[in-house]
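Below: coords-v8.txt (compact mmCIF, C-alpha atoms and all ligand atoms)
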# COMPACT_ATOMS: atom_id res chain seq x y z
CA MET A 10 -0.68 13.11 -17.41
CA ARG A 11 1.50 15.89 -16.21
CA ASN A 12 4.24 13.60 -15.10
CA SER A 13 7.41 13.36 -17.08
CA LYS A 14 8.58 10.03 -18.39
CA SER A 15 11.43 9.73 -15.98
CA LYS A 16 9.13 9.56 -13.00
CA PRO A 17 7.29 6.55 -11.73
CA ARG A 18 3.60 6.65 -12.47
CA PRO A 19 2.12 7.97 -9.29
CA SER A 20 -1.49 7.76 -10.37
CA SER A 21 -1.41 4.08 -11.11
CA LEU A 22 0.63 3.45 -8.00
CA VAL A 23 -1.89 5.40 -6.02
CA ALA A 24 -4.82 3.57 -7.54
CA LEU A 25 -3.15 0.34 -6.62
CA ALA A 26 -2.51 1.53 -3.14
CA VAL A 27 -6.10 2.60 -2.69
CA LEU A 28 -7.21 -0.84 -3.71
CA ALA A 29 -4.61 -2.71 -1.77
CA VAL A 30 -4.39 -0.55 1.29
CA GLY A 31 -7.85 0.88 1.57
CA VAL A 32 -6.81 3.58 4.00
CA GLY A 33 -3.93 5.59 5.25
CA ALA A 34 -1.34 7.82 3.67
CA CYS A 35 2.05 9.34 4.33
CA SER A 36 2.05 6.24 6.39
CA PRO A 37 -1.07 4.35 6.13
CA ALA A 38 -1.71 0.91 6.93
CA VAL A 39 -1.69 -2.13 7.46
CA ASP A 40 -3.32 -5.43 6.76
CA GLU A 41 -6.40 -3.58 5.79
CA ARG A 42 -9.91 -4.57 6.51
CA SER A 43 -12.71 -2.30 5.41
CA GLU A 44 -14.63 -2.93 8.61
CA PRO A 45 -13.05 -1.70 11.81
CA ALA A 46 -12.34 -5.02 13.45
CA VAL A 47 -11.15 -5.70 16.94
CA SER A 48 -8.74 -8.56 16.76
CA GLU A 49 -7.39 -8.89 20.23
CA PRO A 50 -5.46 -11.92 21.26
CA HIS A 51 -6.51 -11.26 24.84
CA ALA A 52 -10.06 -11.16 26.16
CA ALA A 53 -10.76 -7.55 27.13
CA PRO A 54 -13.33 -6.84 29.80
CA PRO A 55 -16.56 -5.37 28.33
CA ARG A 56 -15.95 -1.82 29.58
CA GLU A 57 -12.61 -1.78 27.82
CA LEU A 58 -13.97 -3.37 24.71
CA SER A 59 -16.27 -0.46 24.06
CA ALA A 60 -13.37 1.96 24.61
CA GLU A 61 -11.44 -0.13 22.14
CA ARG A 62 -14.18 0.21 19.55
CA ARG A 63 -14.14 3.96 20.03
CA ALA A 64 -10.37 3.89 19.57
CA VAL A 65 -10.68 1.93 16.31
CA GLU A 66 -13.18 4.49 15.04
CA ALA A 67 -11.04 7.42 16.12
CA LEU A 68 -8.29 6.16 13.82
CA LEU A 69 -10.41 6.27 10.69
CA PRO A 70 -10.18 10.04 10.08
CA LEU A 71 -6.42 9.85 10.58
CA LYS A 72 -6.00 7.01 8.08
CA GLN A 73 -8.36 8.68 5.63
CA GLY A 74 -6.78 12.11 6.00
CA LEU A 75 -3.28 10.78 5.50
CA MET A 76 -4.33 8.81 2.45
CA THR A 77 -5.95 11.85 0.88
CA ALA A 78 -2.88 13.99 1.57
CA LEU A 79 -0.54 11.39 0.10
CA THR A 80 -2.54 10.53 -3.01
CA THR A 81 -3.18 14.19 -3.80
CA ALA A 82 0.48 15.08 -3.38
CA LEU A 83 1.69 12.11 -5.46
CA GLU A 84 -0.73 12.89 -8.25
CA GLU A 85 0.28 16.51 -8.29
CA GLY A 86 4.02 16.12 -8.34
CA GLY A 87 5.40 12.62 -7.83
CA PRO A 88 7.32 11.41 -4.80
CA GLU A 89 9.78 14.30 -4.50
CA GLN A 90 7.13 16.96 -4.14
CA ALA A 91 4.93 14.62 -2.15
CA LEU A 92 7.64 14.41 0.48
CA ALA A 93 7.43 18.10 1.19
CA ALA A 94 3.63 18.01 1.12
CA CYS A 95 3.56 15.12 3.59
CA ARG A 96 5.93 16.92 5.86
CA LEU A 97 3.39 19.71 6.22
CA ALA A 98 0.24 17.65 5.95
CA ALA A 99 0.97 14.72 8.27
CA PRO A 100 1.23 16.71 11.52
CA ALA A 101 -1.80 18.84 10.58
CA VAL A 102 -3.93 15.80 9.71
CA THR A 103 -2.88 14.15 12.97
CA GLN A 104 -3.80 17.27 14.92
CA ASP A 105 -7.18 17.48 13.19
CA ALA A 106 -7.97 13.86 13.96
CA SER A 107 -7.36 14.48 17.69
CA SER A 108 -9.73 16.11 20.15
CA PRO A 109 -9.51 17.07 23.84
CA GLU A 110 -10.80 13.60 24.70
CA VAL A 111 -9.08 11.50 22.08
CA ARG A 112 -5.46 11.67 20.97
CA VAL A 113 -4.22 9.84 17.87
CA GLY A 114 -0.88 9.52 16.09
CA ARG A 115 1.77 7.32 14.53
CA THR A 116 5.10 6.17 15.76
CA SER A 117 7.93 3.87 14.70
CA HIS A 118 11.07 2.08 15.82
CA ARG A 119 12.78 3.77 12.84
CA LEU A 120 11.57 7.32 12.76
CA ARG A 121 11.55 9.79 9.95
CA ASN A 122 10.15 12.65 12.01
CA PRO A 123 11.51 12.65 15.59
CA ASP A 124 8.28 14.36 16.73
CA ASN A 125 6.62 10.97 16.23
CA ALA A 126 8.71 9.31 18.94
CA ALA A 127 6.96 6.59 20.94
CA GLU A 128 5.72 7.38 24.44
CA LEU A 129 6.74 4.94 27.17
CA TRP A 130 3.43 3.07 27.22
CA MET A 131 3.79 2.29 23.49
CA GLU A 132 7.21 0.75 23.72
CA PRO A 133 6.34 -2.83 24.75
CA ALA A 134 3.92 -3.24 21.82
CA LEU A 135 6.42 -1.66 19.45
CA ALA A 136 9.10 -4.10 20.60
CA ASP A 137 6.68 -7.02 20.18
CA TRP A 138 5.86 -6.13 16.58
CA VAL A 139 9.52 -5.49 15.77
CA ALA A 140 10.16 -9.01 17.08
CA GLY A 141 7.54 -10.44 14.71
CA ASP A 142 4.33 -10.42 16.76
CA THR A 143 1.41 -11.03 14.40
CA ALA A 144 -1.33 -9.50 16.59
CA GLY A 145 -3.62 -7.11 14.71
CA SER A 146 -3.75 -4.71 17.65
CA HIS A 147 -2.78 -4.19 21.27
CA ALA A 148 -4.68 -2.44 24.05
CA VAL A 149 -3.04 -1.06 27.19
CA GLU A 150 -4.88 0.24 30.24
CA LEU A 151 -3.38 3.61 31.23
CA PRO A 152 -3.54 5.63 34.42
CA GLY A 153 -6.37 8.17 34.70
CA GLY A 154 -9.08 5.89 33.31
CA ARG A 155 -7.67 5.85 29.81
CA LEU A 156 -7.12 3.14 27.26
CA GLY A 157 -4.20 3.11 24.83
CA TYR A 158 -4.80 1.29 21.57
CA LEU A 159 -2.21 0.37 18.94
CA GLU A 160 -2.31 -1.07 15.41
CA PRO A 161 0.70 -2.19 13.36
CA ILE A 162 1.53 -0.58 10.00
CA TYR A 163 3.08 -2.75 7.30
CA LEU A 164 4.64 -1.38 4.13
CA GLN A 165 2.97 -1.70 0.75
CA ALA A 166 4.94 -1.59 -2.51
CA MET A 167 3.98 2.03 -3.15
CA CYS A 168 5.40 3.16 0.18
CA LEU A 169 8.87 2.13 -0.95
CA GLN A 170 9.11 5.23 -3.16
CA CYS A 171 9.91 7.08 0.07
CA HIS A 172 10.77 4.27 2.53
CA GLY A 173 12.55 1.63 0.42
CA SER A 174 16.22 1.07 -0.39
CA ASP A 175 16.07 1.97 -4.06
CA LEU A 176 15.06 5.62 -3.77
CA GLY A 177 15.13 8.05 -6.66
CA SER A 178 18.06 10.46 -6.36
CA GLY A 179 15.67 13.41 -6.04
CA VAL A 180 13.84 11.71 -3.20
CA ARG A 181 17.11 10.89 -1.44
CA GLU A 182 18.27 14.53 -1.64
CA ARG A 183 14.94 15.85 -0.47
CA LEU A 184 14.92 13.47 2.49
CA ALA A 185 18.42 14.52 3.52
CA GLU A 186 17.29 18.13 3.44
CA LEU A 187 13.97 17.72 5.25
CA TYR A 188 14.86 14.88 7.65
CA PRO A 189 18.61 14.85 8.33
CA GLU A 190 18.10 12.15 10.98
CA ASP A 191 15.83 9.98 8.85
CA ARG A 192 15.92 6.29 9.81
CA ALA A 193 12.86 5.32 7.78
CA THR A 194 14.45 4.08 4.55
CA GLY A 195 15.76 0.67 3.56
CA PHE A 196 12.47 -1.11 4.19
CA ALA A 197 11.00 -3.85 1.99
CA GLU A 198 7.39 -4.56 1.07
CA GLY A 199 5.56 -6.25 3.94
CA ASP A 200 8.00 -4.97 6.59
CA PHE A 201 6.66 -3.69 9.88
CA ARG A 202 6.96 0.09 9.65
CA GLY A 203 5.43 1.36 12.89
CA MET A 204 2.10 1.80 14.62
CA PHE A 205 -1.01 3.90 14.73
CA TRP A 206 -1.88 4.78 18.32
CA VAL A 207 -4.92 6.16 20.12
CA VAL A 208 -5.67 7.23 23.69
CA VAL A 209 -9.35 7.33 24.70
CA PRO A 210 -11.07 7.72 28.05
CA ILE A 211 -12.48 4.36 29.13
CA ASP A 212 -15.70 6.05 30.27
CA PRO A 213 -16.55 8.72 27.68
CA GLY A 214 -17.03 12.17 29.16
CA SER A 215 -15.14 11.27 32.31
CA GLY A 216 -11.58 11.97 31.39
CA LYS A 217 -9.23 13.81 29.12
CA ALA A 218 -6.82 12.02 26.89
CA SER A 219 -5.03 15.20 25.88
CA GLU A 220 -2.45 15.27 28.64
CA VAL A 221 0.77 13.58 27.75
CA VAL A 222 0.84 10.04 29.01
CA SER A 223 4.36 9.29 30.06
CA GLU A 224 3.73 6.64 32.67
CA GLU A 225 4.70 3.04 32.22
CA PRO A 226 1.72 0.77 31.79
CA SER A 227 0.78 -0.63 35.14
C1 LIG A 301 5.90 10.69 -0.86
C2 LIG A 301 6.73 10.01 0.09
C3 LIG A 301 6.07 9.03 1.05
C4 LIG A 301 5.37 7.91 0.74
C5 LIG A 301 5.00 7.37 -0.64
C6 LIG A 301 5.06 7.29 2.00
N1 LIG A 301 5.57 8.03 3.04
FE1 LIG A 301 5.56 7.53 5.02
N2 LIG A 301 6.38 9.33 5.48
C7 LIG A 301 6.77 10.27 4.56
C8 LIG A 301 7.14 11.48 5.26
C9 LIG A 301 7.62 12.77 4.62
C10 LIG A 301 6.94 11.22 6.64
C11 LIG A 301 7.18 12.16 7.80
C12 LIG A 301 5.88 12.90 8.10
C13 LIG A 301 6.04 13.84 9.27
O1 LIG A 301 6.89 14.73 9.19
O2 LIG A 301 5.29 13.67 10.25
C14 LIG A 301 6.46 9.86 6.73
C15 LIG A 301 6.16 9.26 7.93
C16 LIG A 301 5.67 7.98 8.04
C17 LIG A 301 5.34 7.35 9.31
C18 LIG A 301 5.39 8.00 10.71
C19 LIG A 301 6.55 7.60 11.54
C20 LIG A 301 7.84 8.35 11.25
O3 LIG A 301 8.81 7.66 10.90
O4 LIG A 301 7.90 9.59 11.40
C21 LIG A 301 4.91 6.11 9.01
C22 LIG A 301 4.44 5.06 9.99
C23 LIG A 301 4.95 5.97 7.56
N3 LIG A 301 5.43 7.14 7.01
C24 LIG A 301 4.52 4.84 6.84
C25 LIG A 301 4.26 4.84 5.45
C26 LIG A 301 3.53 3.81 4.75
C27 LIG A 301 2.98 2.56 5.38
C28 LIG A 301 3.45 4.21 3.44
C29 LIG A 301 2.75 3.54 2.28
C30 LIG A 301 1.37 3.20 2.41
C31 LIG A 301 4.14 5.47 3.32
N4 LIG A 301 4.61 5.83 4.55
C32 LIG A 301 4.31 6.15 2.13
C33 LIG A 301 6.83 10.11 3.20
C34 LIG A 301 6.19 9.11 2.48

Here is the file; what I need is its structure written in the form of structure tokens.
Ligand code: HEC
Amino acid sequence: MRNSKSKPRPSSLVALAVLAVGVGACSPAVDERSEPAVSEPHAAPPRELSAERRAVEALLPLKQGLMTALTTALEEGGPEQALAACRLAAPAVTQDASSPEVRVGRTSHRLRNPDNAAELWMEPALADWVAGDTAGSHAVELPGGRLGYLEPIYLQAMCLQCHGSDLGSGVRERLAELYPEDRATGFAEGDFRGMFWVVVPIDPGSGKASEVVSEEPS
């Protein structure tokens, strides 16, 4: 092990996280299931359901890419260095997981990176989960033949290295440097942290999801 004694043991934490979380990274997920499951409280019409399945699948490379970036960075240098690595990796991974037809990302009610701010259509679901909604996902029909899909992200113990209240002093300093407006600390294990989101065309090949969706859901 390259890590000094004063540091937490990132490798074992990471191994735990891989087991417990299964996916995700600088912000992975969730109440993980290995199978993409659609757990809607509402009954979606069939056309939407297939868009929803495509949305669930579109999230996998994002979750996987973030997890790889986080575990690699933690193994290489512990949470302080991983912070800087995540700062570079997270936007790039998010970009890579998007395409002209499908946009993906993460957002939160308590942002670390202001670039991750919620679009208008995401706000009702965000407010619901902040208020304790237990739904596993939400789907929102958007103008232009698009479907917005959202999944909640809950914090695991390992996430608290960078999002908890008892941060190492090095981590705290690094955060102040990199994210002067950081609101994403002080969380506890199991807290709602934010959401993964996806925009897909309802009929594949018929629309672009890449334009910014700023309309209110109808
Ligand atoms: C090594 C420190 C570190 C760890 C551990 C970590 N994160 Fe993060 N997290 C970050 C950084 C840095 C960002 C900002 C990335 C960016 O600039 O886009 C971030 C951003 C996020 C975001 C995006 C929303 C926002 O506030 O910008 C979510 C959601 C998130 N983290 C959840 C988690 C979850 C869940 C875990 C545990 C599975 C976790 N994080 C573990 C450092 C960490």

Could the residues that lie within 6 Å of ligand LIG 301 (chain A), counting only C-alpha atoms and all ligand atoms, be listed as a ChimeraX atom specification? /A:34-38,88,91-92,95-96,99-100,115-117,119-122,125,162-165,167-168,170-171,193,202-203

Kindly indicate which residue among A:Pro161, A:Ser107, A:Gln90, A:Thr80 lies nearest to Gly141 (chain A), using only C-alpha atoms for the distances.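 Counting only C-alpha atoms, the residue closest to Gly141 (chain A) is A:Pro161.
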
Pull the closest atom pair for each residue of region 128-211 of chain A that gets at most 12 Å from region 56-74 of chain A, along with the distance in Å to one decimal, counting only C-alpha atoms, ordering rows by chain and then ascending residue number, as CSV.
residue,atom,partner,partner_atom,distance
A:Gly145,CA,A:Val65,CA,11.6
A:Ser146,CA,A:Val65,CA,9.7
A:His147,CA,A:Glu61,CA,9.6
A:Ala148,CA,A:Glu61,CA,7.4
A:Val149,CA,A:Glu57,CA,9.6
A:Glu150,CA,A:Glu57,CA,8.3
A:Leu151,CA,A:Glu57,CA,11.2
A:Gly154,CA,A:Glu57,CA,10.1
A:Arg155,CA,A:Ala60,CA,8.6
A:Leu156,CA,A:Ala60,CA,6.9
A:Gly157,CA,A:Ala64,CA,8.1
A:Tyr158,CA,A:Ala64,CA,6.5
A:Leu159,CA,A:Ala64,CA,8.9
A:Glu160,CA,A:Val65,CA,8.9
A:Ile162,CA,A:Lys72,CA,10.9
A:Met204,CA,A:Leu68,CA,11.3
A:Phe205,CA,A:Leu68,CA,7.7
A:Trp206,CA,A:Leu68,CA,8.0
A:Val207,CA,A:Ala64,CA,5.9
A:Val208,CA,A:Ala64,CA,7.1
A:Val209,CA,A:Ala64,CA,6.3
A:Pro210,CA,A:Ala60,CA,7.1
A:Ile211,CA,A:Ala60,CA,5.2

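What separates CA of Ser174 (chain A) from CA of Ala197 (chain A) is a distance of 7.6 Å.
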
Atom pair CA of Asp105 (chain A) + CA of Glu128 (chain A), distance 19.9 Å

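Rounded to one decimal, CA of Ser178 (chain A) and CA of Leu75 (chain A) lie 24.4 Å from each other.
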
Using all atoms listed in the file for the distances, tell me which of A:Glu89, A:Asp200, A:Asp124, A:Glu110 is nearest to Arg183 (chain A). A:Glu89

Which one is closest to Ala101 (chain A): A:Ala166, A:Val113, A:Leu176, A:Ala185? Count all atoms listed in the file.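 Closest candidate: A:Val113.
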